[in-house]
$ cat coords.csv   # CSV, C-alpha atoms and all ligand atoms
chain,number,residue,atom,x,y,z
A,346,MET,CA,-50.2,16.6,32.6
A,347,GLY,CA,-46.4,16.9,32.4
A,348,LEU,CA,-43.7,18.8,30.7
A,349,ILE,CA,-40.4,16.9,30.4
A,350,ALA,CA,-37.8,19.6,30.1
A,351,GLU,CA,-34.7,18.0,28.8
A,352,LEU,CA,-32.4,20.9,29.6
A,353,THR,CA,-29.2,19.4,28.2
A,354,HIS,CA,-27.6,16.2,27.0
A,355,ARG,CA,-24.4,17.1,28.8
A,356,CYS,CA,-23.6,14.8,31.7
A,357,PRO,CA,-20.5,14.0,33.8
A,358,LEU,CA,-21.5,10.3,33.7
A,359,SER,CA,-21.4,8.0,30.7
A,360,CYS,CA,-23.7,5.1,31.5
A,361,ALA,CA,-23.8,2.5,28.8
A,362,TYR,CA,-27.5,2.0,29.3
A,363,CYS,CA,-28.4,5.7,28.8
A,364,SER,CA,-31.5,6.2,26.8
A,365,ASN,CA,-30.4,9.6,25.4
A,366,PRO,CA,-30.0,9.6,21.6
A,367,LEU,CA,-26.8,8.5,20.0
A,368,GLU,CA,-26.5,11.9,18.4
A,369,LEU,CA,-26.2,14.0,21.6
A,370,GLU,CA,-27.0,17.7,21.2
A,371,ARG,CA,-24.1,20.1,21.9
A,372,ALA,CA,-24.2,22.9,24.5
A,373,SER,CA,-24.2,25.5,21.7
A,374,ALA,CA,-27.5,24.1,20.3
A,375,GLU,CA,-29.3,24.3,23.7
A,376,LEU,CA,-32.3,26.7,24.3
A,377,ASP,CA,-31.4,29.8,26.2
A,378,THR,CA,-32.8,30.8,29.6
A,379,ALA,CA,-35.4,33.2,28.2
A,380,THR,CA,-36.8,30.6,25.9
A,381,TRP,CA,-37.1,28.0,28.7
A,382,LEU,CA,-38.8,30.6,30.9
A,383,ASP,CA,-41.3,31.3,28.2
A,384,VAL,CA,-41.9,27.5,27.7
A,385,LEU,CA,-42.6,27.2,31.4
A,386,ASP,CA,-45.1,30.1,31.2
A,387,GLN,CA,-46.8,28.5,28.2
A,388,ALA,CA,-46.9,25.1,29.9
A,389,ALA,CA,-48.7,26.6,33.0
A,390,ALA,CA,-51.1,28.4,30.8
A,391,LEU,CA,-51.8,25.2,28.9
A,392,GLY,CA,-52.8,23.4,32.2
A,393,VAL,CA,-49.6,21.4,32.7
A,394,LEU,CA,-49.3,20.2,36.3
A,395,HIS,CA,-45.8,18.8,36.6
A,396,VAL,CA,-42.4,19.8,35.2
A,397,HIS,CA,-39.7,17.3,35.2
A,398,PHE,CA,-36.2,18.9,34.8
A,399,THR,CA,-34.0,16.2,33.2
A,400,GLY,CA,-31.3,15.6,30.7
A,401,GLY,CA,-28.5,14.5,30.4
A,402,GLU,CA,-27.7,16.1,33.8
A,403,PRO,CA,-29.9,19.1,34.3
A,404,MET,CA,-27.6,20.4,37.0
A,405,ALA,CA,-25.1,21.1,34.3
A,406,ARG,CA,-27.2,24.1,33.3
A,407,LYS,CA,-26.2,27.2,35.3
A,408,ASP,CA,-29.8,28.6,35.1
A,409,LEU,CA,-31.4,25.6,36.7
A,410,THR,CA,-32.4,27.4,39.8
A,411,GLN,CA,-33.9,30.2,37.8
A,412,LEU,CA,-36.0,27.8,35.9
A,413,VAL,CA,-37.1,26.0,39.1
A,414,ARG,CA,-38.0,29.3,40.6
A,415,ARG,CA,-40.2,30.3,37.7
A,416,ALA,CA,-41.9,26.9,37.6
A,417,ALA,CA,-42.6,27.1,41.4
A,418,GLU,CA,-44.0,30.7,41.0
A,419,LEU,CA,-46.3,29.2,38.3
A,420,GLN,CA,-47.4,26.6,40.8
A,421,LEU,CA,-46.1,23.8,38.7
A,422,TYR,CA,-45.0,20.7,40.7
A,423,THR,CA,-41.2,20.6,40.2
A,424,ASN,CA,-39.3,17.4,39.9
A,425,LEU,CA,-35.5,17.3,39.4
A,426,ILE,CA,-34.2,14.1,37.8
A,427,THR,CA,-30.5,14.0,38.6
A,428,SER,CA,-27.4,11.9,38.9
A,429,GLY,CA,-26.6,13.9,42.0
A,430,VAL,CA,-22.9,14.3,41.4
A,431,LEU,CA,-23.2,18.1,41.2
A,432,LEU,CA,-25.6,18.4,44.1
A,433,ASP,CA,-23.3,20.0,46.7
A,434,ASP,CA,-24.5,22.0,49.8
A,435,ARG,CA,-24.6,25.3,47.8
A,436,ALA,CA,-26.7,23.7,45.0
A,437,MET,CA,-29.1,22.1,47.4
A,438,ASP,CA,-29.6,25.4,49.3
A,439,ALA,CA,-30.2,27.2,46.0
A,440,LEU,CA,-32.7,24.6,44.8
A,441,MET,CA,-34.6,24.8,48.1
A,442,ALA,CA,-34.7,28.6,48.0
A,443,ALA,CA,-36.1,28.3,44.4
A,444,GLY,CA,-38.9,26.1,45.6
A,445,ILE,CA,-38.0,22.6,44.3
A,446,ASP,CA,-40.7,20.0,45.3
A,447,HIS,CA,-39.0,16.7,44.7
A,448,ILE,CA,-35.8,15.1,43.6
A,449,GLN,CA,-35.2,11.8,41.9
A,450,LEU,CA,-31.7,10.6,42.3
A,451,SER,CA,-30.1,7.8,40.3
A,452,LEU,CA,-27.7,5.3,41.7
A,453,GLN,CA,-25.8,2.8,39.5
A,454,ASP,CA,-25.0,0.2,42.1
A,455,ILE,CA,-24.7,-0.5,45.8
A,456,GLU,CA,-21.0,0.2,46.4
A,457,PRO,CA,-18.4,2.6,45.1
A,458,GLU,CA,-16.3,0.4,42.8
A,459,ALA,CA,-19.2,-1.1,40.8
A,460,GLY,CA,-21.2,2.2,40.8
A,461,ASP,CA,-18.2,4.3,39.6
A,462,ARG,CA,-17.5,1.7,36.9
A,463,SER,CA,-21.0,1.7,35.6
A,464,GLY,CA,-21.4,5.5,35.6
A,465,GLY,CA,-17.8,6.0,34.3
A,466,LEU,CA,-17.1,8.6,37.0
A,467,LYS,CA,-14.5,8.0,39.8
A,468,GLY,CA,-15.9,9.1,43.1
A,469,GLY,CA,-19.4,9.4,41.6
A,470,HIS,CA,-21.0,6.9,44.0
A,471,ALA,CA,-19.8,8.7,47.1
A,472,LYS,CA,-21.2,12.0,45.7
A,473,LYS,CA,-24.5,10.3,45.1
A,474,LEU,CA,-24.7,9.0,48.7
A,475,ALA,CA,-23.9,12.5,50.0
A,476,ALA,CA,-26.6,13.9,47.7
A,477,ALA,CA,-29.2,11.5,49.1
A,478,GLU,CA,-28.3,12.7,52.6
A,479,ARG,CA,-28.6,16.4,51.6
A,480,ILE,CA,-32.0,15.8,50.0
A,481,ARG,CA,-33.3,14.1,53.2
A,482,ALA,CA,-31.7,16.7,55.4
A,483,ALA,CA,-33.5,19.4,53.4
A,484,GLY,CA,-36.8,17.6,54.2
A,485,LEU,CA,-37.6,16.8,50.6
A,486,PRO,CA,-39.2,13.5,49.5
A,487,LEU,CA,-36.5,11.3,48.0
A,488,THR,CA,-37.0,8.9,45.1
A,489,LEU,CA,-34.1,6.7,44.3
A,490,ASN,CA,-33.8,5.2,40.9
A,491,PHE,CA,-31.7,2.1,40.1
A,492,VAL,CA,-31.4,1.1,36.5
A,493,ILE,CA,-30.7,-2.7,36.4
A,494,HIS,CA,-29.2,-4.9,33.8
A,495,ARG,CA,-27.2,-8.0,33.5
A,496,GLY,CA,-24.2,-6.5,35.3
A,497,ASN,CA,-26.1,-5.6,38.5
A,498,ALA,CA,-29.5,-7.3,38.6
A,499,ASP,CA,-28.2,-9.9,41.1
A,500,ARG,CA,-27.9,-7.1,43.7
A,501,THR,CA,-31.5,-5.9,43.5
A,502,ALA,CA,-32.3,-6.9,47.1
A,503,GLN,CA,-29.3,-4.9,48.3
A,504,MET,CA,-30.3,-1.9,46.3
A,505,LEU,CA,-33.6,-2.0,48.0
A,506,ASP,CA,-31.9,-2.2,51.4
A,507,LEU,CA,-29.7,0.7,50.5
A,508,GLY,CA,-32.7,2.7,49.5
A,509,GLU,CA,-34.3,2.0,52.8
A,510,ALA,CA,-31.2,3.0,54.7
A,511,LEU,CA,-30.9,6.3,52.8
A,512,GLY,CA,-34.5,7.2,53.8
A,513,ALA,CA,-36.1,7.0,50.3
A,514,THR,CA,-39.8,7.3,50.2
A,515,ARG,CA,-39.9,5.8,46.8
A,516,ILE,CA,-37.5,3.4,45.1
A,517,GLU,CA,-37.7,2.7,41.4
A,518,ILE,CA,-36.1,-0.5,40.2
A,519,ALA,CA,-36.1,-0.1,36.5
A,520,HIS,CA,-34.8,-2.7,34.1
A,521,THR,CA,-32.9,-0.9,31.2
A,522,GLN,CA,-35.1,0.4,28.5
A,523,TYR,CA,-33.5,-0.3,25.2
A,524,TYR,CA,-33.4,3.0,23.5
A,525,GLY,CA,-30.4,5.1,22.5
A,526,TRP,CA,-27.2,3.9,24.1
A,527,GLY,CA,-29.2,1.1,25.8
A,528,LEU,CA,-30.2,-0.3,22.5
A,529,LEU,CA,-26.7,-0.1,21.2
A,530,ASN,CA,-25.5,-2.1,24.2
A,531,ARG,CA,-28.4,-4.4,24.4
A,532,ALA,CA,-26.5,-7.6,23.9
A,533,ALA,CA,-24.4,-6.9,27.0
A,534,LEU,CA,-27.2,-5.5,29.1
A,535,LEU,CA,-30.2,-7.9,28.7
A,536,PRO,CA,-30.5,-9.9,31.9
A,537,THR,CA,-31.0,-13.7,31.9
A,538,PHE,CA,-34.5,-15.0,32.7
A,539,ALA,CA,-33.2,-16.3,36.1
A,540,GLN,CA,-31.9,-12.8,36.9
A,541,LEU,CA,-35.3,-11.3,36.0
A,542,GLU,CA,-37.1,-13.8,38.3
A,543,SER,CA,-34.7,-13.1,41.2
A,544,ALA,CA,-35.0,-9.3,40.8
A,545,THR,CA,-38.8,-9.6,40.7
A,546,ALA,CA,-38.8,-11.8,43.9
A,547,ALA,CA,-36.6,-9.2,45.6
A,548,VAL,CA,-39.0,-6.4,44.7
A,549,GLU,CA,-42.0,-8.4,46.0
A,550,ALA,CA,-40.2,-9.2,49.2
A,551,ALA,CA,-39.3,-5.5,49.7
A,552,ARG,CA,-42.9,-4.4,49.0
A,553,ALA,CA,-44.2,-6.8,51.6
A,554,ARG,CA,-41.6,-5.6,54.1
A,555,PHE,CA,-41.9,-1.8,53.4
A,556,GLY,CA,-45.7,-1.7,53.3
A,557,ALA,CA,-46.9,1.8,52.9
A,558,ARG,CA,-43.6,3.2,54.3
A,559,ILE,CA,-41.7,3.1,51.0
A,560,ALA,CA,-43.3,2.7,47.5
A,561,VAL,CA,-41.4,0.4,45.2
A,562,ASP,CA,-41.9,1.0,41.4
A,563,TYR,CA,-40.8,-1.9,39.2
A,564,VAL,CA,-40.2,-1.5,35.5
A,565,VAL,CA,-39.7,-4.9,33.8
A,566,PRO,CA,-37.9,-5.3,30.4
A,567,ASP,CA,-40.3,-5.5,27.5
A,568,TYR,CA,-38.2,-8.3,26.1
A,569,PHE,CA,-39.7,-10.7,28.6
A,570,ALA,CA,-43.2,-9.4,28.5
A,571,ALA,CA,-46.3,-10.7,26.7
A,572,ARG,CA,-48.0,-7.4,26.5
A,573,PRO,CA,-46.4,-3.9,25.9
A,574,LYS,CA,-46.4,-1.0,28.3
A,575,ALA,CA,-48.5,2.1,27.6
A,576,CYS,CA,-45.5,4.1,26.5
A,577,MET,CA,-45.6,7.6,28.0
A,578,GLY,CA,-49.3,6.9,28.9
A,579,GLY,CA,-50.0,6.9,25.2
A,580,TRP,CA,-48.5,8.9,22.4
A,581,GLY,CA,-49.3,12.6,22.8
A,582,ARG,CA,-51.8,12.0,25.6
A,583,ARG,CA,-50.0,13.1,28.8
A,584,PHE,CA,-46.6,14.6,28.1
A,585,ILE,CA,-44.8,17.1,26.0
A,586,ASN,CA,-41.0,16.4,25.9
A,587,VAL,CA,-38.9,19.4,24.9
A,588,SER,CA,-35.4,18.4,23.8
A,589,PRO,CA,-32.3,20.5,24.7
A,590,SER,CA,-32.5,22.4,21.3
A,591,GLY,CA,-36.3,22.9,21.6
A,592,LYS,CA,-37.9,20.2,19.6
A,593,ALA,CA,-41.2,19.2,21.0
A,594,LEU,CA,-41.6,15.4,21.1
A,595,PRO,CA,-44.3,13.0,22.4
A,596,CYS,CA,-41.5,11.0,24.0
A,597,HIS,CA,-37.7,11.5,24.1
A,598,ALA,CA,-37.0,8.6,21.7
A,599,ALA,CA,-39.4,9.9,19.1
A,600,GLU,CA,-36.6,11.7,17.2
A,601,THR,CA,-35.4,8.3,16.0
A,602,LEU,CA,-38.5,7.9,13.9
A,603,PRO,CA,-38.0,8.9,10.2
A,604,GLY,CA,-40.4,11.1,8.3
A,605,PHE,CA,-41.4,13.3,11.2
A,606,ALA,CA,-41.0,17.0,11.4
A,607,PHE,CA,-41.1,17.8,15.1
A,608,PRO,CA,-42.0,21.4,15.8
A,609,SER,CA,-39.6,23.6,17.7
A,610,VAL,CA,-40.7,25.7,20.7
A,611,ARG,CA,-38.6,28.5,19.2
A,612,GLU,CA,-41.2,28.8,16.4
A,613,VAL,CA,-44.5,27.2,17.5
A,614,SER,CA,-46.4,27.7,20.8
A,615,LEU,CA,-46.9,24.7,23.1
A,616,ALA,CA,-50.7,25.1,22.7
A,617,ASP,CA,-50.4,24.8,18.9
A,618,ILE,CA,-48.0,21.9,19.2
A,619,TRP,CA,-50.3,20.1,21.6
A,620,THR,CA,-53.5,20.6,19.6
A,621,GLY,CA,-52.3,20.9,16.1
A,622,ALA,CA,-48.9,19.4,15.4
A,623,GLU,CA,-49.1,16.5,13.0
A,624,ALA,CA,-46.3,14.8,14.9
A,625,PHE,CA,-48.5,14.7,18.0
A,626,GLN,CA,-51.6,13.7,16.2
A,627,ARG,CA,-50.1,10.8,14.2
A,628,PHE,CA,-50.2,8.0,16.8
A,629,ARG,CA,-52.6,9.6,19.3
A,630,GLY,CA,-55.5,7.7,20.7
A,631,VAL,CA,-57.3,4.7,19.3
A,632,GLU,CA,-57.3,6.1,15.8
A,633,GLY,CA,-53.5,6.4,16.0
A,634,ALA,CA,-52.9,2.9,17.3
A,635,PRO,CA,-51.8,0.1,14.9
A,636,GLU,CA,-54.7,-1.1,12.8
A,637,ALA,CA,-54.8,-4.5,14.4
A,638,CYS,CA,-54.9,-3.0,17.9
A,639,ARG,CA,-58.0,-0.9,17.3
A,640,SER,CA,-60.4,-3.7,17.9
A,641,CYS,CA,-58.3,-5.2,20.8
A,642,GLU,CA,-59.8,-5.0,24.3
A,643,ARG,CA,-56.5,-3.6,25.6
A,644,VAL,CA,-56.2,-0.7,23.1
A,645,GLU,CA,-57.1,1.9,25.7
A,646,ILE,CA,-54.7,0.4,28.2
A,647,ASP,CA,-51.5,0.2,26.2
A,648,TRP,CA,-52.4,2.0,22.9
A,649,GLY,CA,-50.5,-0.6,20.9
A,650,GLY,CA,-47.3,-0.1,22.9
A,651,CYS,CA,-44.3,1.9,21.9
A,652,ARG,CA,-43.9,3.3,18.4
A,653,CYS,CA,-40.2,3.8,18.8
A,654,GLN,CA,-39.7,0.2,19.8
A,655,ALA,CA,-41.8,-0.9,16.8
A,656,PHE,CA,-39.5,1.1,14.6
A,657,ALA,CA,-36.3,0.1,16.3
A,658,LEU,CA,-37.0,-3.6,16.1
A,659,ALA,CA,-39.4,-4.1,13.2
A,660,GLY,CA,-38.4,-1.1,11.1
A,661,ASP,CA,-41.9,0.3,11.0
A,662,ALA,CA,-43.4,2.6,13.6
A,663,THR,CA,-47.0,1.8,12.6
A,664,ARG,CA,-46.6,-1.9,13.5
A,665,ILE,CA,-47.7,-3.4,16.9
A,666,ASP,CA,-45.0,-3.1,19.5
A,667,PRO,CA,-43.0,-6.4,19.2
A,668,ALA,CA,-43.3,-6.7,23.0
A,669,CYS,CA,-46.9,-7.9,22.5
A,670,ALA,CA,-47.3,-11.6,22.0
A,671,LEU,CA,-50.0,-10.9,19.5
A,672,SER,CA,-47.5,-9.1,17.3
A,673,PRO,CA,-46.2,-10.9,14.2
A,674,ASP,CA,-42.8,-9.5,15.2
A,675,HIS,CA,-42.8,-10.9,18.8
A,676,ALA,CA,-40.1,-13.4,17.9
A,677,LEU,CA,-37.6,-10.5,17.6
A,678,MET,CA,-37.7,-10.2,21.4
A,679,ARG,CA,-36.8,-13.8,21.9
A,680,GLN,CA,-34.1,-13.6,19.3
A,681,ALA,CA,-32.6,-10.6,21.1
A,682,ILE,CA,-32.5,-12.5,24.3
A,683,GLU,CA,-30.9,-15.5,22.6
A,684,ALA,CA,-28.3,-13.2,21.0
A,685,ALA,CA,-27.4,-11.6,24.4
A,686,ASP,CA,-23.7,-12.0,25.1
A,687,PHE,CA,-22.3,-11.6,28.6
A,688,ASP,CA,-18.9,-10.7,27.1
A,689,ALA,CA,-20.0,-8.2,24.6
A,690,PRO,CA,-18.0,-4.9,24.9
A,691,LEU,CA,-20.0,-2.0,26.3
A,692,THR,CA,-19.9,1.4,24.5
A,693,PRO,CA,-20.2,4.1,27.2
A,694,ARG,CA,-22.2,7.1,26.2
A,695,LEU,CA,-20.0,9.8,24.6
A,696,ILE,CA,-19.7,13.0,26.5
A,697,ARG,CA,-19.8,16.0,24.2
A,698,ARG,CA,-19.5,19.4,25.8
B,701,LIG,S1,-28.2,7.6,32.2
B,701,LIG,FE1,-26.2,8.1,33.0
B,701,LIG,S2,-25.2,9.1,31.2
B,701,LIG,FE2,-27.4,9.1,30.8
B,701,LIG,S3,-28.1,11.1,31.5
B,701,LIG,FE3,-28.4,9.6,33.2
B,701,LIG,S4,-26.6,9.8,34.5
B,701,LIG,FE4,-26.1,10.7,32.5
B,702,LIG,S1,-52.8,-6.3,20.1
B,702,LIG,FE1,-52.3,-4.1,20.4
B,702,LIG,S2,-53.8,-3.3,21.9
B,702,LIG,FE2,-53.9,-5.6,21.9
B,702,LIG,S3,-52.5,-6.1,23.6
B,702,LIG,FE3,-51.2,-6.2,21.7
B,702,LIG,S4,-50.3,-4.1,21.6
B,702,LIG,FE4,-52.0,-4.0,23.1
$ encode --input "coords.csv" --output "structure tokens" --more "lines below"
Ligand code: SF4
Ligand code: SF4
Amino acid sequence: MGLIAELTHRCPLSCAYCSNPLELERASAELDTATWLDVLDQAAALGVLHVHFTGGEPMARKDLTQLVRRAAELQLYTNLITSGVLLDDRAMDALMAAGIDHIQLSLQDIEPEAGDRSGGLKGGHAKKLAAAERIRAAGLPLTLNFVIHRGNADRTAQMLDLGEALGATRIEIAHTQYYGWGLLNRAALLPTFAQLESATAAVEAARARFGARIAVDYVVPDYFAARPKACMGGWGRRFINVSPSGKALPCHAAETLPGFAFPSVREVSLADIWTGAEAFQRFRGVEGAPEACRSCERVEIDWGGCRCQAFALAGDATRIDPACALSPDHALMRQAIEAADFDAPLTPRLIRR
């Protein structure tokens, strides 16, 4: 269904909750334009419908509009996932001319001081507001994404108000997912249960108020859940994620798993990766779910949850996701909540150019 094109790990921001890997890939390791164009051609031939240009900050790539243009010519639905800080008038015009279909813009908070502090970029919040205006003025549908955590969850209602004021057609309120830098900073980012309840109430109130006018997506933290999410819609079922250096992954955290040889799009075709690569087959479908899940009535709903979370928390990717209350490792979630520390220092994501 979707190609997730992680064009670069470079980013002007340094969010402490970033889910990019701790080992960020350098610009010199990135795929060149010709290879990305070929990957897009292959994706269309394979029947992919959507391409999500993401990163890092995909607008840090000088060839972004060239890639968008090719994807649009191939009739792929093009979505740009961006921090917006590089989206000036010229860039907006170029993206429109190239045929961009949709932009998802991230905001860190509701006002400049907190937003700039969270993203680690002075003036970043104001640039994001200007980017939202440009997207709307261009007539594109605007999705706003707020990642929430202990430091900003109390402002969820105001985030939804801001999204409405900016003319968003979709607002995503996503609790931090604990991968990469987010996992490293988990102790300082996990919300309290009271914060989670109040954020959930704010989302429900906004949904009632907005009706069909604005869709509100809500991603809750696994750590408070009793059942896991169907990570990526199931391992190797809907998406191919291509990393900046060309590794094809079932999800962008999969590189953390040991014992995997992820094929490179420099050497193997997308079709062969999708149908034949061992890394895509390993956890695919009911047969690839943890053994205890295969007879569970929810197995075709959540596929046993997230393999990367099972590895990150329980040290074994073949175990049931600890987010599931039926997992013998479920207590790890409670322990992480209990170990949360409001005063823990945050490590902002390193920027390597
Ligand atoms: S989460 Fe922040 S640092 Fe990470 S890619 Fe997005 S904007 Fe950049
Ligand atoms: S046991 Fe497995 S399939 Fe059943 S709910 Fe838990 S994670 Fe999902």
$ atom_distance --input "coords.csv" --atom1 "atom CA of Ala570 of chain A" --atom2 "atom CA of Arg679 of chain A"
10.2 Å
$ closest_atom_pairs --input "coords.csv" --of "chain A" --to "ligand LIG 702 (chain B)" --cutoff "8 Å" --atoms "all atoms listed in the file" --output "tab-separated table"
residue	atom	partner	partner_atom	distance
A:Arg572	CA	B:LIG702	S3	5.5
A:Pro573	CA	B:LIG702	S4	5.8
A:Ala634	CA	B:LIG702	FE1	7.7
A:Pro635	CA	B:LIG702	FE1	6.9
A:Ala637	CA	B:LIG702	S1	6.3
A:Cys638	CA	B:LIG702	FE1	3.8
A:Arg639	CA	B:LIG702	S2	6.7
A:Ser640	CA	B:LIG702	S2	7.7
A:Cys641	CA	B:LIG702	FE2	4.6
A:Glu642	CA	B:LIG702	FE2	6.4
A:Arg643	CA	B:LIG702	S2	4.6
A:Val644	CA	B:LIG702	S2	3.7
A:Glu645	CA	B:LIG702	S2	7.2
A:Ile646	CA	B:LIG702	FE4	7.3
A:Asp647	CA	B:LIG702	FE4	5.2
A:Trp648	CA	B:LIG702	S2	5.6
A:Gly649	CA	B:LIG702	S4	3.6
A:Gly650	CA	B:LIG702	S4	5.2
A:Ile665	CA	B:LIG702	S4	5.4
A:Asp666	CA	B:LIG702	S4	5.8
A:Ala668	CA	B:LIG702	S4	7.6
A:Cys669	CA	B:LIG702	FE3	4.7
A:Ala670	CA	B:LIG702	FE3	6.7
A:Leu671	CA	B:LIG702	FE3	5.3
A:Ser672	CA	B:LIG702	FE3	6.4
$ closest_atom_pairs --input "coords.csv" --of "segment 509-600 of chain A" --to "segment 451-460 of chain A" --cutoff "12 Å" --atoms "only C-alpha atoms" --output "CSV"
residue,atom,partner,partner_atom,distance
A:Ala510,CA,A:Ile455,CA,11.6
A:Leu511,CA,A:Ile455,CA,11.6
A:Ala513,CA,A:Ser451,CA,11.7
A:Arg515,CA,A:Ser451,CA,11.9
A:Ile516,CA,A:Ser451,CA,9.9
A:Glu517,CA,A:Ser451,CA,9.2
A:Ile518,CA,A:Ser451,CA,10.2
A:Ala519,CA,A:Ser451,CA,10.6
A:His520,CA,A:Gln453,CA,11.8
A:Thr521,CA,A:Gln453,CA,11.5
$ atom_distance --input "coords.csv" --atom1 "atom CA of Phe656 of chain A" --atom2 "atom CA of His354 of chain A"
22.9 Å
$ residues_near_point --input "coords.csv" --point "(-25.2, -3.5, 29.6)" --cutoff "7 Å" --atoms "all atoms listed in the file" --output "list of chain:residue names"
A:Ala361, A:Tyr362, A:His494, A:Arg495, A:Gly496, A:Asn530, A:Arg531, A:Ala533, A:Leu534, A:Leu535, A:Leu691
$ write_last_selection --input "coords.csv" --atoms "C-alpha atoms" --output "CSV table (one decimal), keeping the file's coordinate frame"
chain,number,residue,atom,x,y,z
A,361,ALA,CA,-23.8,2.5,28.8
A,362,TYR,CA,-27.5,2.0,29.3
A,494,HIS,CA,-29.2,-4.9,33.8
A,495,ARG,CA,-27.2,-8.0,33.5
A,496,GLY,CA,-24.2,-6.5,35.3
A,530,ASN,CA,-25.5,-2.1,24.2
A,531,ARG,CA,-28.4,-4.4,24.4
A,533,ALA,CA,-24.4,-6.9,27.0
A,534,LEU,CA,-27.2,-5.5,29.1
A,535,LEU,CA,-30.2,-7.9,28.7
A,691,LEU,CA,-20.0,-2.0,26.3
$ residues_around --input "coords.csv" --residues "Val548 of chain A" --least-positions-apart "2" --cutoff "9 Å" --atoms "all atoms listed in the file" --output "list in words"
Thr501, Ala502, Leu505, Ile518, Ser543, Ala544, Thr545, Ala546, Ala550, Ala551, Arg552, Ala553, Val561, Asp562 and Tyr563 of chain A
$ closest_residue --input "coords.csv" --among "A:Phe625, A:Trp526, A:Phe605, A:Trp381" --to "ligand LIG 701 (chain B)" --atoms "all atoms listed in the file"
A:Trp526
$ closest_residue --input "coords.csv" --among "A:Leu431, A:Ile618, A:Val413, A:Leu382" --to "ligand LIG 701 (chain B)" --atoms "only C-alpha atoms and all ligand atoms"
A:Leu431
$ atom_distance --input "coords.csv" --atom1 "atom CA of Pro589 of chain A" --atom2 "atom CA of Ser373 of chain A"
10.0 Å
$ residues_near_ligand --input "coords.csv" --ligand "ligand LIG 701 (chain B)" --cutoff "10 Å" --atoms "all atoms listed in the file" --output "VMD selection string"
chain A and resid 351 353 to 366 399 to 403 426 to 430 450 to 453 463 to 466 492 521 525 to 527 693 to 696
$ closest_residue --input "coords.csv" --among "A:Asp434, A:Arg406, A:Met577, A:Ala374" --to "Ala598 of chain A" --atoms "all atoms listed in the file"
A:Met577
$ closest_residue --input "coords.csv" --among "A:Pro603, A:Gly484, A:Gly578, A:Pro566" --to "Ala662 of chain A" --atoms "only C-alpha atoms"
A:Pro603
$ closest_residue --input "coords.csv" --among "A:Arg371, A:Arg629, A:His675, A:Arg435" --to "Thr663 of chain A" --atoms "all atoms listed in the file"
A:Arg629
$ residues_around --input "coords.csv" --residues "Leu409 of chain A" --least-positions-apart "3" --cutoff "9 Å" --atoms "all atoms listed in the file" --output "PyMOL selection string"
chain A and resi 352+378+398+403-406+412-414+440
$ write_last_selection --input "coords.csv" --atoms "C-alpha atoms" --output "JSON list (two decimals), in the coordinates of the input"
[["chain", "number", "residue", "atom", "x", "y", "z"],
["A", 352, "LEU", "CA", -32.40, 20.90, 29.60],
["A", 378, "THR", "CA", -32.80, 30.80, 29.60],
["A", 398, "PHE", "CA", -36.20, 18.90, 34.80],
["A", 403, "PRO", "CA", -29.90, 19.10, 34.30],
["A", 404, "MET", "CA", -27.60, 20.40, 37.00],
["A", 405, "ALA", "CA", -25.10, 21.10, 34.30],
["A", 406, "ARG", "CA", -27.20, 24.10, 33.30],
["A", 412, "LEU", "CA", -36.00, 27.80, 35.90],
["A", 413, "VAL", "CA", -37.10, 26.00, 39.10],
["A", 414, "ARG", "CA", -38.00, 29.30, 40.60],
["A", 440, "LEU", "CA", -32.70, 24.60, 44.80]]
$ closest_residue --input "coords.csv" --among "A:Ala471, A:Leu394, A:Leu485, A:Leu348" --to "Asp438 of chain A" --atoms "all atoms listed in the file"
A:Leu485
$ residues_near_point --input "coords.csv" --point "(-33.7, -0.2, 13.5)" --cutoff "12 Å" --atoms "all atoms listed in the file" --output "list in words"
Tyr523, Tyr524, Gly525, Leu528, Leu529, Thr601, Leu602, Pro603, Arg652, Cys653, Gln654, Ala655, Phe656, Ala657, Leu658, Ala659, Gly660, Asp661, Ala662 and Leu677 of chain A
$ residues_around --input "coords.csv" --residues "Ala606 of chain A" --least-positions-apart "5" --cutoff "10 Å" --atoms "only C-alpha atoms" --output "list in words"
Lys592, Ala593, Leu594, Glu600, Ala622, Glu623 and Ala624 of chain A
$ build_atoms --input "coords.csv" --residues "segment 362-368 of chain A" --atoms "N, CA and C atoms" --output "CSV table (one decimal), in the frame of the given file"
chain,number,residue,atom,x,y,z
A,362,TYR,N,-26.1,2.3,29.5
A,362,TYR,CA,-27.5,2.0,29.3
A,362,TYR,C,-28.3,3.3,29.0
A,363,CYS,N,-27.7,4.4,28.9
A,363,CYS,CA,-28.4,5.7,28.8
A,363,CYS,C,-29.3,5.7,27.6
A,364,SER,N,-30.5,6.2,27.9
A,364,SER,CA,-31.5,6.2,26.8
A,364,SER,C,-31.5,7.5,26.0
A,365,ASN,N,-30.5,8.4,26.2
A,365,ASN,CA,-30.4,9.6,25.4
A,365,ASN,C,-30.0,9.1,24.0
A,366,PRO,N,-30.3,10.0,23.0
A,366,PRO,CA,-30.0,9.6,21.6
A,366,PRO,C,-28.5,9.5,21.3
A,367,LEU,N,-28.2,8.7,20.3
A,367,LEU,CA,-26.8,8.5,20.0
A,367,LEU,C,-26.2,9.8,19.5
A,368,GLU,N,-27.0,10.6,18.9
A,368,GLU,CA,-26.5,11.9,18.4
A,368,GLU,C,-26.9,12.9,19.5
